[in-house]
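Participant: There's a structure below that I have some questions on.
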Amino acid sequence: LFQRNKSFSAYKDQLDIMIAEIDRANGIIREFLALAKDKVIHLQMDNLNRIINMIYPLLEADALLMGRKFTVELGEIPDVLVDENEIRQCIFNLVRNAFEATEEGGVVTLITQAQEGKAILKVKDNGRGIPHDVYIRLGTPFVTTKPDGTGLGLPVCYRIAERHNAEVEVETGPKGTVFTMGFKASRSLVG
């Protein structure tokens with residue numbers, strides 16, 4: 001409202017900063033609430049490839065803005081029982097972390113494949129790897145290597161994986177990192 005009022009036009013820069021900081025605070029609160037243990041999720045049969053195709057333009061735009069290369073390798077995978085909004089959030093968090101872990105011109109690849117009756121989602125980057133002292137605390141809230149990071153993105157992903165009974169594996173080294181999430185196919189959930 002203040003931005004629309006001409007009498008406040010001299011304060012445009014300050015108002016923009018205030019709004020940006022309020023948006024950032026809201027984002028932190030949303031991420032913190034996503035860690036809630038008893039959060040209600042709405043599971044439905046879906047395909048990770050469909051979800052990735054829907055958010056691909058947003059991820060590609062992020063890559064362009066950050067000067068990164070983004071590729072997608074979608075394999076044939078089984079449908080899984082997921083909450084689409086949670087999976088979207090998880091993919092955004094993992095891919096954005098990968099963008100930030102790479103230098104300009106770095107490559108981030110989002111991969112899906114079927115393996116042992118599971119739908120596998122991988123986010124692979126060619127960054128510098130995760131330092132050991134951070135690696136051993138992955139998934140712990142407020143652990144971050146970013147100057148402006150909250151340290152909530154990965155814990156949110158771990159909680160989402162837990163709510164979906166998905167397995168998470170992380171491989172890291174000086175040539176990059178791969179985050180892997182394995183979701184049980186619908187047949188595996190029955191019986």
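Letters for chains follow the order of the structure tokens (A, B, ...), residue numbers begin at 1 for each chain, and ligand numbers begin at 1 in the order shown.
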Give the alpha helix (DSSP H) residues of range 52-164 of chain A, as DSSP finds them on the backbone, and put them as JSON, numbers by chain.
Facilitator: {"A": [52, 53, 54, 55, 56, 57, 58, 59, 60, 61, 62, 63, 64, 65, 66, 84, 85, 86, 87, 88, 89, 90, 91, 92, 93, 94, 95, 96, 97, 98, 99, 100, 101, 132, 133, 134, 135, 153, 154, 155, 156, 157, 158, 159, 160, 161, 162, 163]}
Participant: Quote the spacing between CA of Met66 in chain A and CA of Phe99 in chain A in Å to one decimal place.
Facilitator: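 Distance reported for this atom pair: 7.4 Å.
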Participant: Run DSSP on the backbone and tell me which residues of range 37-92 of chain A come out as strand (DSSP E); list them as a PyMOL selection string.
Facilitator: chain A and resi 44-46+69-74+80-82
Participant: List the spatial neighbours of range 75-84 of chain A as an MDAnalysis selection string - criterion: any atom at most 12 Å away, only C-alpha atoms, same-chain residues fewer than 5 positions off excluded.
Facilitator: chainID A and resid 39:52 54:55 89:91 110:122 160:166 182:190
Participant: Separation of CA of Thr109 in chain A and CA of Thr71 in chain A, in Å?
Facilitator: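 Between CA of Thr109 in chain A and CA of Thr71 in chain A the gap is 4.8 Å.
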Participant: Excluding Phe92 in chain A and any residue of its chain fewer than 2 positions from it, enumerate the residues within 10 Å of it, using only C-alpha atoms, and give them as a PyMOL selection string.
Facilitator: chain A and resi 52+55-56+58-59+62+86-90+94-98+153+157
Participant: One decimal, Å: what's the distance from CA of Leu154 in chain A over to CA of Ala63 in chain A, could you say?
Facilitator: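 It comes out at 19.1 Å.
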Participant: Nearest to Gly105 in chain A: which of A:Asp13, A:Glu73, A:Asp133, A:Asp125 is it, counting only C-alpha atoms?
Facilitator: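 That would be A:Asp125, the residue with the smallest distance to Gly105 in chain A.
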